[in-house]
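Colleague: Can you keep this structure in mind? I'll have questions shortly.
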Protein chains: 4
Amino acid sequence: MPPNIKSKVDDTALVARRRSQVLAAAIELFGKRGYHPTTVREIAEHAGLSTGLVYQYFGDKEDVLYLGLQTVLDSYRERIPAATEGIADPLERFRAAVHAYCRVIDANIDATVLAYRETKSVSPKRRGVIMQKEVETNALIEAEVRSCVKAGLFEKTDVGLLTYLIVMFAHAWALKAWHFQGQMSVEQYTDRNLALLLNPVLTERGRRENVRLAAAR
Amino acid sequence: MPPNIKSKVDDTALVARRRSQVLAAAIELFGKRGYHPTTVREIAEHAGLSTGLVYQYFGDKEDVLYLGLQTVLDSYRERIPAATEGIADPLERFRAAVHAYCRVIDANIDATVLAYRETKSVSPKRRGVIMQKEVETNALIEAEVRSCVKAGLFEKTDVGLLTYLIVMFAHAWALKAWHFQGQMSVEQYTDRNLALLLNPVLTERGRRENVRLAAAR
Amino acid sequence: MPPNIKSKVDDTALVARRRSQVLAAAIELFGKRGYHPTTVREIAEHAGLSTGLVYQYFGDKEDVLYLGLQTVLDSYRERIPAATEGIADPLERFRAAVHAYCRVIDANIDATVLAYRETKSVSPKRRGVIMQKEVETNALIEAEVRSCVKAGLFEKTDVGLLTYLIVMFAHAWALKAWHFQGQMSVEQYTDRNLALLLNPVLTERGRRENVRLAAAR
Amino acid sequence: MPPNIKSKVDDTALVARRRSQVLAAAIELFGKRGYHPTTVREIAEHAGLSTGLVYQYFGDKEDVLYLGLQTVLDSYRERIPAATEGIADPLERFRAAVHAYCRVIDANIDATVLAYRETKSVSPKRRGVIMQKEVETNALIEAEVRSCVKAGLFEKTDVGLLTYLIVMFAHAWALKAWHFQGQMSVEQYTDRNLALLLNPVLTERGRRENVRLAAAR
DNA sequence: TATGAATGAGTCTTCATTCAT
DNA sequence: GATGAATGAAGACTCATTCAT
């Protein structure tokens, strides 16, 4: 499916090792300084190998970004199922999934920022692949939301949008790190956001007024 | 406060005209293709003037980005007060503010994406100025939230975080345009998000379970 | 017709001046050291301008070669008609044309060698254009041969091949410069080759034997 | 005499085998794409061995070209004596030699073009060796011409230049393959060129005029 | 003020060559 | 002897910036 990156080396294990070596360096540097300002030379140096070697395992610089983005998104997609495994209760699964998601983002702040900043830097075709991966990750959260609705724990609500609100606050932890970091931990951040979403914001009086206003539009 | 951009031209009116001419072109191109891939030559061409002239009104390329980002964020900050002017009812003001915010973002999708992608491309000192502007815009929303709490329309809730949730879904309209555009209008998008935030997600049973789970953490 | 080279500069006179400046340097260096070993930097230096400027007037290095080859072949094609102008006698025209051809080759030995060595270094489509120009030059010689046949000065001979023999010995003056230079002047070289072609090689006895052998094949 | 190529391997038979393996691949690729655009990796691949092995049998890439050119020229030099062996009649020997030469060129068109394009790509000292080989081959043809003169079959003519004309039309078969191939076979080509050279081109009247013009110079 | 031609530093990328296995 | 992964020097090309007009 993903237009595969060609390597000039055959040994699969070596390819995997070298690639992740390069990708780790690249994701860090791309995340910190951005894709364009980071030079291939810097990536190679940071990864502890020569410039030329990067081109034995990647076709060009964009390939490094592309595989980097995929790596990041794949890691997100894999951690959520791992976190919900064995949990039966829908609401508990839901909370576990959201916490897992926020935790993996916290562990990869540079990478998350990278995904936001540089998805546009890959070719349109590849961008589609990247977006598809994001959709798939969102679907994991959405499934938990849906289970809660089915179990009668959530009102019959706007599932897609609720999912997006969750995804957005998770991402915001990375995107607005300068704002949140130091104020609280990821766990607190997650809990407080969940509380906001799950508990009523409006008072009884507010609710009546809101109905009126919303109807008036 | 902002480390000011030096112009080689004195005529204030001319400076203002030329700068906005360049900035309009730059914001569009930076938004569409990104800061680094856009060349100064392209900006000048798009603005209908010569390359050299850009350097009469801006010190360097980064200046253009910096002033561009400020322009974008300023326009956001200005539209919200305009939208709430004359409205007395706190909840109505709140809703008007949020709708105004979403509307201005919708009208400047490229610019919003630009602010997300390229804030890191300016020097740290300048980045602070940019973030400050963002904080100020958020404060406008936060003020409305606070009024609603004071008026007894909102529960005594996590005002800062609620504000962020609102800001995030507004931004998401631009950041995830590929996902939302076509599915609904901005107005619908705003209403549905507000509904989600303001109406309870949990059922009665869900609420009891949630309390138990949250407490168990 | 020829897929035209794009310049980033509009001023036609300047384009013409800069291009010929670059081409003169390039033809010399390409001729002496070959296309690949010559760097764009060297061309620019030799032409007395900066590397970047070459790219304002040529799309890439191959464009320089392509235009260089065209320049060389065009100059050949133009000198022959100039040399025969005003001469009526077919044989005299023929001799004038051949001498002119050899003379222009002598004046551009590097360029002639270049045309032989590097025609393969341009894209297939462009190679076709180059070859066409060569065919057109040959046609100028062929026309003179044909006139001599028509005027009853040449036997009804193999016109195409005779033309090629002439073209080849003209080129050989450049290609085998190391062998001929010093032994004689171009004019002598041309005369002696023409003498060989136009006077009988075989003796009377040789002719009889040759007829027998050629028939036996 | 040729500054000899160093091999890191001793076994003479193996050296010979490996070298010819590499050279066959190299001559083909150099002939088709040129010396510089062909990579050592491609040569090794085409020869069915590893890149590193090339450097066990050749000092560097230029060595491969140098030995390749020698191989080509040697093969030419060897085929001519083989073709004249046993023939006593001078004119018959002459014709056999020319036919043999054209035939071997036809069988090695890429290699012949290679010799023309890339002789300049070797060091000056080595270039001398290559040219010497070419001179030796020419001498084989020249000897036959001289025999014909001595036997009274050829007029006392410009032997050196006549030899060159013959060599040139033989080479032209390869150099201008795009022009001649398809029009006729090598044998026809050879016969027609020999006919042109050996039979008079000028008519009786043409001869008188030519004497006048040549004298007038 | 305005222009756009000119500069040259810096980037990506290739590839001859080496060397550990 | 053979392999092919690793190196790094070098080249094509771009583009922010300057400056003569």
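Chain labels run A, B, ... following the order of the structure tokens; each chain numbers its residues from 1, and ligands are numbered from 1 in the order shown.
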Taking only C-alpha atoms (C1' of nucleotides) into account, find every residue of chain F that has an atom no more than 10 Å from chain D, and write it out as a list in words.

Modeller: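 So the residues of chain F near chain D are DG1, DA2, DT3 and DG4 of chain F.
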
Colleague: I need the residues from that last selection saved to file as an mmCIF file, in the first residue's frame (with N, CA, C and O atoms (P, O5', C5', C4', C3', O3' and C1' of nucleotides)), if you can.

Modeller:
```cif
data_model
loop_
_atom_site.group_PDB
_atom_site.id
_atom_site.type_symbol
_atom_site.label_atom_id
_atom_site.label_comp_id
_atom_site.auth_asym_id
_atom_site.auth_seq_id
_atom_site.Cartn_x
_atom_site.Cartn_y
_atom_site.Cartn_z
ATOM 1 P P DG F 1 44.590 -15.498 -5.564
ATOM 2 O "O5'" DG F 1 43.170 -14.858 -5.280
ATOM 3 C "C5'" DG F 1 42.591 -15.074 -4.046
ATOM 4 C "C4'" DG F 1 41.163 -15.523 -4.323
ATOM 5 C "C3'" DG F 1 40.335 -14.471 -5.050
ATOM 6 O "O3'" DG F 1 39.229 -15.146 -5.617
ATOM 7 C "C1'" DG F 1 39.716 -14.562 -2.793
ATOM 8 P P DA F 2 38.096 -14.292 -6.371
ATOM 9 O "O5'" DA F 2 37.107 -13.931 -5.165
ATOM 10 C "C5'" DA F 2 36.233 -14.942 -4.682
ATOM 11 C "C4'" DA F 2 35.102 -14.303 -3.897
ATOM 12 C "C3'" DA F 2 34.378 -13.152 -4.609
ATOM 13 O "O3'" DA F 2 32.995 -13.436 -4.519
ATOM 14 C "C1'" DA F 2 35.116 -12.456 -2.468
ATOM 15 P P DT F 3 31.925 -12.397 -5.114
ATOM 16 O "O5'" DT F 3 31.502 -11.601 -3.817
ATOM 17 C "C5'" DT F 3 30.882 -12.314 -2.741
ATOM 18 C "C4'" DT F 3 30.555 -11.339 -1.629
ATOM 19 C "C3'" DT F 3 29.757 -10.117 -2.092
ATOM 20 O "O3'" DT F 3 28.486 -10.198 -1.499
ATOM 21 C "C1'" DT F 3 31.547 -9.518 -0.620
ATOM 22 P P DG F 4 27.211 -9.548 -2.225
ATOM 23 O "O5'" DG F 4 26.931 -8.298 -1.293
ATOM 24 C "C5'" DG F 4 27.160 -8.369 0.118
ATOM 25 C "C4'" DG F 4 27.393 -6.970 0.645
ATOM 26 C "C3'" DG F 4 26.704 -5.852 -0.147
ATOM 27 O "O3'" DG F 4 26.414 -4.765 0.721
ATOM 28 C "C1'" DG F 4 28.954 -5.427 -0.127
#
```

Colleague: Select residues of chain E: the criterion is any atom within 9 Å of an atom of chain D, counting only C-alpha atoms (C1' of nucleotides); output as a PyMOL selection string.

Modeller: chain E and resi 15-18

Colleague: Using only C-alpha atoms, find each residue of chain D with at least one atom at most 8 Å away from an atom of chain C; report its shortest atom-to-atom pair and that distance in Å (one decimal), sort the rows by chain and rising residue number, and return the result as JSON lines.

Modeller:
```
{"residue": "D:Arg33", "atom": "CA", "partner": "C:Lys120", "partner_atom": "CA", "distance": 7.7}
{"residue": "D:Gly34", "atom": "CA", "partner": "C:Lys120", "partner_atom": "CA", "distance": 7.9}
{"residue": "D:His36", "atom": "CA", "partner": "C:His36", "partner_atom": "CA", "distance": 6.5}
{"residue": "D:Leu91", "atom": "CA", "partner": "C:Asn210", "partner_atom": "CA", "distance": 7.3}
{"residue": "D:Glu92", "atom": "CA", "partner": "C:Leu213", "partner_atom": "CA", "distance": 7.1}
{"residue": "D:Tyr116", "atom": "CA", "partner": "C:Arg117", "partner_atom": "CA", "distance": 7.0}
{"residue": "D:Arg117", "atom": "CA", "partner": "C:Arg117", "partner_atom": "CA", "distance": 4.4}
{"residue": "D:Glu118", "atom": "CA", "partner": "C:Arg117", "partner_atom": "CA", "distance": 7.4}
{"residue": "D:Lys120", "atom": "CA", "partner": "C:Arg33", "partner_atom": "CA", "distance": 7.4}
{"residue": "D:Ser121", "atom": "CA", "partner": "C:Arg33", "partner_atom": "CA", "distance": 7.8}
{"residue": "D:Gly152", "atom": "CA", "partner": "C:Thr203", "partner_atom": "CA", "distance": 6.9}
{"residue": "D:Leu153", "atom": "CA", "partner": "C:Gly206", "partner_atom": "CA", "distance": 4.0}
{"residue": "D:Phe154", "atom": "CA", "partner": "C:Leu202", "partner_atom": "CA", "distance": 4.4}
{"residue": "D:Glu155", "atom": "CA", "partner": "C:Thr203", "partner_atom": "CA", "distance": 5.4}
{"residue": "D:Thr157", "atom": "CA", "partner": "C:Val201", "partner_atom": "CA", "distance": 6.8}
{"residue": "D:Asp158", "atom": "CA", "partner": "C:Leu196", "partner_atom": "CA", "distance": 7.1}
{"residue": "D:Leu161", "atom": "CA", "partner": "C:Asn193", "partner_atom": "CA", "distance": 7.0}
{"residue": "D:Leu162", "atom": "CA", "partner": "C:Leu196", "partner_atom": "CA", "distance": 6.9}
{"residue": "D:Leu165", "atom": "CA", "partner": "C:Phe169", "partner_atom": "CA", "distance": 6.6}
{"residue": "D:Met168", "atom": "CA", "partner": "C:Met168", "partner_atom": "CA", "distance": 6.5}
{"residue": "D:Phe169", "atom": "CA", "partner": "C:Leu165", "partner_atom": "CA", "distance": 6.6}
{"residue": "D:Ala172", "atom": "CA", "partner": "C:Met168", "partner_atom": "CA", "distance": 7.4}
{"residue": "D:Asp191", "atom": "CA", "partner": "C:Ala214", "partner_atom": "CA", "distance": 7.8}
{"residue": "D:Arg192", "atom": "CA", "partner": "C:Asp158", "partner_atom": "CA", "distance": 7.7}
{"residue": "D:Asn193", "atom": "CA", "partner": "C:Leu161", "partner_atom": "CA", "distance": 7.0}
{"residue": "D:Leu196", "atom": "CA", "partner": "C:Leu162", "partner_atom": "CA", "distance": 7.0}
{"residue": "D:Leu197", "atom": "CA", "partner": "C:Leu197", "partner_atom": "CA", "distance": 6.1}
{"residue": "D:Leu198", "atom": "CA", "partner": "C:Val201", "partner_atom": "CA", "distance": 5.3}
{"residue": "D:Asn199", "atom": "CA", "partner": "C:Pro200", "partner_atom": "CA", "distance": 6.0}
{"residue": "D:Pro200", "atom": "CA", "partner": "C:Pro200", "partner_atom": "CA", "distance": 4.7}
{"residue": "D:Val201", "atom": "CA", "partner": "C:Leu198", "partner_atom": "CA", "distance": 5.4}
{"residue": "D:Leu202", "atom": "CA", "partner": "C:Phe154", "partner_atom": "CA", "distance": 4.4}
{"residue": "D:Thr203", "atom": "CA", "partner": "C:Phe154", "partner_atom": "CA", "distance": 5.3}
{"residue": "D:Glu204", "atom": "CA", "partner": "C:Leu153", "partner_atom": "CA", "distance": 7.8}
{"residue": "D:Arg205", "atom": "CA", "partner": "C:Leu153", "partner_atom": "CA", "distance": 6.1}
{"residue": "D:Gly206", "atom": "CA", "partner": "C:Leu153", "partner_atom": "CA", "distance": 4.1}
{"residue": "D:Arg207", "atom": "CA", "partner": "C:Leu153", "partner_atom": "CA", "distance": 7.7}
{"residue": "D:Glu209", "atom": "CA", "partner": "C:Leu91", "partner_atom": "CA", "distance": 7.8}
{"residue": "D:Asn210", "atom": "CA", "partner": "C:Leu91", "partner_atom": "CA", "distance": 7.4}
{"residue": "D:Leu213", "atom": "CA", "partner": "C:Glu92", "partner_atom": "CA", "distance": 7.1}
{"residue": "D:Ala214", "atom": "CA", "partner": "C:Asp191", "partner_atom": "CA", "distance": 7.7}
```

Colleague: Identify, on the basis of only C-alpha atoms (C1' of nucleotides), every residue whose closest approach to Ser7 in chain B does not exceed 12 Å; exclude the query and any residue fewer than 4 positions from it along the same chain; express the result as a ChimeraX atom specification.

Modeller: /B:11-12,14-16,18-19,53-60,63-64

Colleague: Let's have the selection written as a compact mmCIF listing (two decimals), in the first residue's frame, with all heavy atoms.

Modeller:
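Final output, saved to selection-v8.txt:
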```txt
# COMPACT_ATOMS: atom_id res chain seq x y z
N ASP B 11 8.50 57.08 4.54
CA ASP B 11 7.08 57.37 4.33
C ASP B 11 6.18 56.30 4.97
O ASP B 11 6.01 55.21 4.44
CB ASP B 11 6.83 57.46 2.82
CG ASP B 11 5.39 57.78 2.49
OD1 ASP B 11 4.50 57.58 3.35
OD2 ASP B 11 5.14 58.24 1.37
N THR B 12 5.60 56.65 6.14
CA THR B 12 4.85 55.66 6.93
C THR B 12 3.70 55.02 6.16
O THR B 12 3.46 53.82 6.26
CB THR B 12 4.26 56.31 8.20
OG1 THR B 12 5.10 57.38 8.60
CG2 THR B 12 4.15 55.29 9.31
N LEU B 14 3.39 54.67 2.97
CA LEU B 14 3.91 53.77 1.94
C LEU B 14 4.39 52.47 2.56
O LEU B 14 4.11 51.37 2.06
CB LEU B 14 5.07 54.46 1.22
CG LEU B 14 5.63 53.70 0.02
CD1 LEU B 14 4.54 53.40 -0.99
CD2 LEU B 14 6.76 54.48 -0.63
N VAL B 15 5.09 52.60 3.68
CA VAL B 15 5.55 51.40 4.37
C VAL B 15 4.37 50.49 4.69
O VAL B 15 4.41 49.29 4.43
CB VAL B 15 6.29 51.77 5.68
CG1 VAL B 15 6.55 50.52 6.52
CG2 VAL B 15 7.60 52.47 5.36
N ALA B 16 3.31 51.07 5.23
CA ALA B 16 2.14 50.27 5.60
C ALA B 16 1.55 49.59 4.37
O ALA B 16 1.23 48.39 4.39
CB ALA B 16 1.09 51.16 6.27
N ARG B 18 2.99 48.93 1.34
CA ARG B 18 3.88 47.92 0.78
C ARG B 18 3.92 46.67 1.65
O ARG B 18 3.86 45.55 1.15
CB ARG B 18 5.30 48.48 0.66
CG ARG B 18 5.48 49.54 -0.40
CD ARG B 18 5.19 49.00 -1.76
NE ARG B 18 5.68 49.88 -2.82
CZ ARG B 18 5.18 49.87 -4.04
NH1 ARG B 18 4.18 49.07 -4.36
NH2 ARG B 18 5.68 50.68 -4.95
N ARG B 19 4.00 46.88 2.95
CA ARG B 19 4.08 45.73 3.84
C ARG B 19 2.84 44.86 3.74
O ARG B 19 2.93 43.64 3.66
CB ARG B 19 4.27 46.20 5.28
CG ARG B 19 5.70 46.58 5.57
CD ARG B 19 5.93 46.74 7.05
NE ARG B 19 7.35 47.00 7.30
CZ ARG B 19 7.83 47.37 8.47
NH1 ARG B 19 7.01 47.54 9.50
NH2 ARG B 19 9.12 47.56 8.63
N LEU B 53 12.55 44.99 -3.71
CA LEU B 53 11.68 45.86 -2.92
C LEU B 53 11.30 45.25 -1.58
O LEU B 53 11.12 45.95 -0.58
CB LEU B 53 10.43 46.21 -3.73
CG LEU B 53 9.79 47.54 -3.32
CD1 LEU B 53 10.79 48.66 -3.47
CD2 LEU B 53 8.57 47.81 -4.14
N VAL B 54 11.18 43.94 -1.57
CA VAL B 54 10.83 43.27 -0.32
C VAL B 54 11.85 43.65 0.76
O VAL B 54 11.48 43.88 1.92
CB VAL B 54 10.81 41.73 -0.50
CG1 VAL B 54 10.62 41.03 0.82
CG2 VAL B 54 9.71 41.34 -1.49
N TYR B 55 13.09 43.75 0.34
CA TYR B 55 14.15 44.07 1.30
C TYR B 55 14.23 45.55 1.67
O TYR B 55 15.03 45.95 2.49
CB TYR B 55 15.49 43.55 0.77
CG TYR B 55 15.55 42.06 0.83
CD1 TYR B 55 15.02 41.27 -0.20
CD2 TYR B 55 16.07 41.40 1.94
CE1 TYR B 55 15.05 39.89 -0.14
CE2 TYR B 55 16.10 40.03 2.01
CZ TYR B 55 15.58 39.28 0.98
OH TYR B 55 15.59 37.91 1.05
N GLN B 56 13.38 46.34 1.05
CA GLN B 56 13.29 47.74 1.46
C GLN B 56 12.33 47.86 2.64
O GLN B 56 12.36 48.85 3.37
CB GLN B 56 12.77 48.59 0.30
CG GLN B 56 13.61 48.54 -0.95
CD GLN B 56 14.64 49.65 -0.97
OE1 GLN B 56 14.58 50.58 -0.17
NE2 GLN B 56 15.59 49.54 -1.89
N TYR B 57 11.46 46.88 2.77
CA TYR B 57 10.43 46.99 3.80
C TYR B 57 10.53 45.92 4.88
O TYR B 57 9.81 45.98 5.88
CB TYR B 57 9.05 46.98 3.14
CG TYR B 57 8.87 48.15 2.21
CD1 TYR B 57 9.10 48.05 0.85
CD2 TYR B 57 8.52 49.39 2.74
CE1 TYR B 57 8.97 49.15 0.02
CE2 TYR B 57 8.37 50.49 1.91
CZ TYR B 57 8.61 50.37 0.56
OH TYR B 57 8.48 51.47 -0.26
N PHE B 58 11.38 44.93 4.63
CA PHE B 58 11.60 43.87 5.62
C PHE B 58 13.11 43.62 5.69
O PHE B 58 13.80 43.71 4.67
CB PHE B 58 10.90 42.59 5.21
CG PHE B 58 9.40 42.71 5.16
CD1 PHE B 58 8.77 43.18 4.03
CD2 PHE B 58 8.63 42.35 6.26
CE1 PHE B 58 7.39 43.29 3.98
CE2 PHE B 58 7.25 42.46 6.22
CZ PHE B 58 6.62 42.93 5.07
N GLY B 59 13.57 43.30 6.88
CA GLY B 59 14.99 43.04 7.02
C GLY B 59 15.41 41.75 6.31
O GLY B 59 16.39 41.70 5.59
N ASP B 60 14.64 40.71 6.51
CA ASP B 60 14.91 39.46 5.82
C ASP B 60 13.63 38.63 5.72
O ASP B 60 12.56 39.07 6.12
CB ASP B 60 16.03 38.68 6.51
CG ASP B 60 15.68 38.34 7.96
OD1 ASP B 60 14.49 38.43 8.32
OD2 ASP B 60 16.60 38.01 8.73
N ASP B 63 11.54 38.07 8.81
CA ASP B 63 10.72 39.22 9.18
C ASP B 63 9.33 39.13 8.54
O ASP B 63 8.32 39.49 9.15
CB ASP B 63 11.38 40.52 8.72
CG ASP B 63 12.50 40.95 9.65
OD1 ASP B 63 12.69 40.30 10.69
OD2 ASP B 63 13.19 41.93 9.32
N VAL B 64 9.33 38.69 7.32
CA VAL B 64 8.05 38.59 6.61
C VAL B 64 7.15 37.58 7.31
O VAL B 64 5.96 37.82 7.54
CB VAL B 64 8.26 38.19 5.13
CG1 VAL B 64 6.93 38.07 4.41
CG2 VAL B 64 9.15 39.21 4.43
```

Colleague: Quick one: everything within 7 Å of Tyr101 in chain A, counting only C-alpha atoms (C1' of nucleotides), minus sequence neighbours fewer than 3 positions away in the same chain. Send it as a list in words.

Modeller: Tyr76, Ile80, Ala97, Val98, Val104 and Ile105 of chain A

Colleague: Could you name the residues that touch Leu65 in chain B at 8 Å or less, counting only C-alpha atoms (C1' of nucleotides), but leaving out those on the same chain fewer than 5 positions away, as a VMD selection string?

Modeller: chain B and resid 26 to 27 35 122

Colleague: Could you write those residues out with all heavy atoms, as a tab-separated table (two decimals), in the first residue's frame?

Modeller:
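Ended up saving to again.tsv:
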```
chain	number	residue	atom	x	y	z
B	26	ALA	N	2.53	36.77	1.04
B	26	ALA	CA	3.34	35.83	1.81
B	26	ALA	C	2.46	34.87	2.62
B	26	ALA	O	2.69	33.67	2.64
B	26	ALA	CB	4.28	36.59	2.74
B	27	ILE	N	1.43	35.41	3.28
B	27	ILE	CA	0.57	34.56	4.10
B	27	ILE	C	-0.08	33.50	3.23
B	27	ILE	O	-0.13	32.32	3.60
B	27	ILE	CB	-0.49	35.41	4.83
B	27	ILE	CG1	0.21	36.26	5.91
B	27	ILE	CG2	-1.56	34.53	5.46
B	27	ILE	CD1	-0.68	37.33	6.51
B	35	TYR	N	6.64	27.78	4.75
B	35	TYR	CA	7.58	28.89	4.78
B	35	TYR	C	8.83	28.62	3.96
B	35	TYR	O	9.19	29.40	3.08
B	35	TYR	CB	7.98	29.17	6.24
B	35	TYR	CG	9.09	30.16	6.43
B	35	TYR	CD1	8.92	31.50	6.07
B	35	TYR	CD2	10.32	29.77	6.96
B	35	TYR	CE1	9.95	32.42	6.25
B	35	TYR	CE2	11.35	30.69	7.15
B	35	TYR	CZ	11.16	32.01	6.79
B	35	TYR	OH	12.17	32.91	6.97
B	122	VAL	N	10.38	31.03	13.56
B	122	VAL	CA	10.91	32.34	13.95
B	122	VAL	C	11.80	32.18	15.18
B	122	VAL	O	11.75	31.17	15.87
B	122	VAL	CB	9.79	33.38	14.24
B	122	VAL	CG1	8.94	33.62	12.99
B	122	VAL	CG2	8.94	32.97	15.41
```
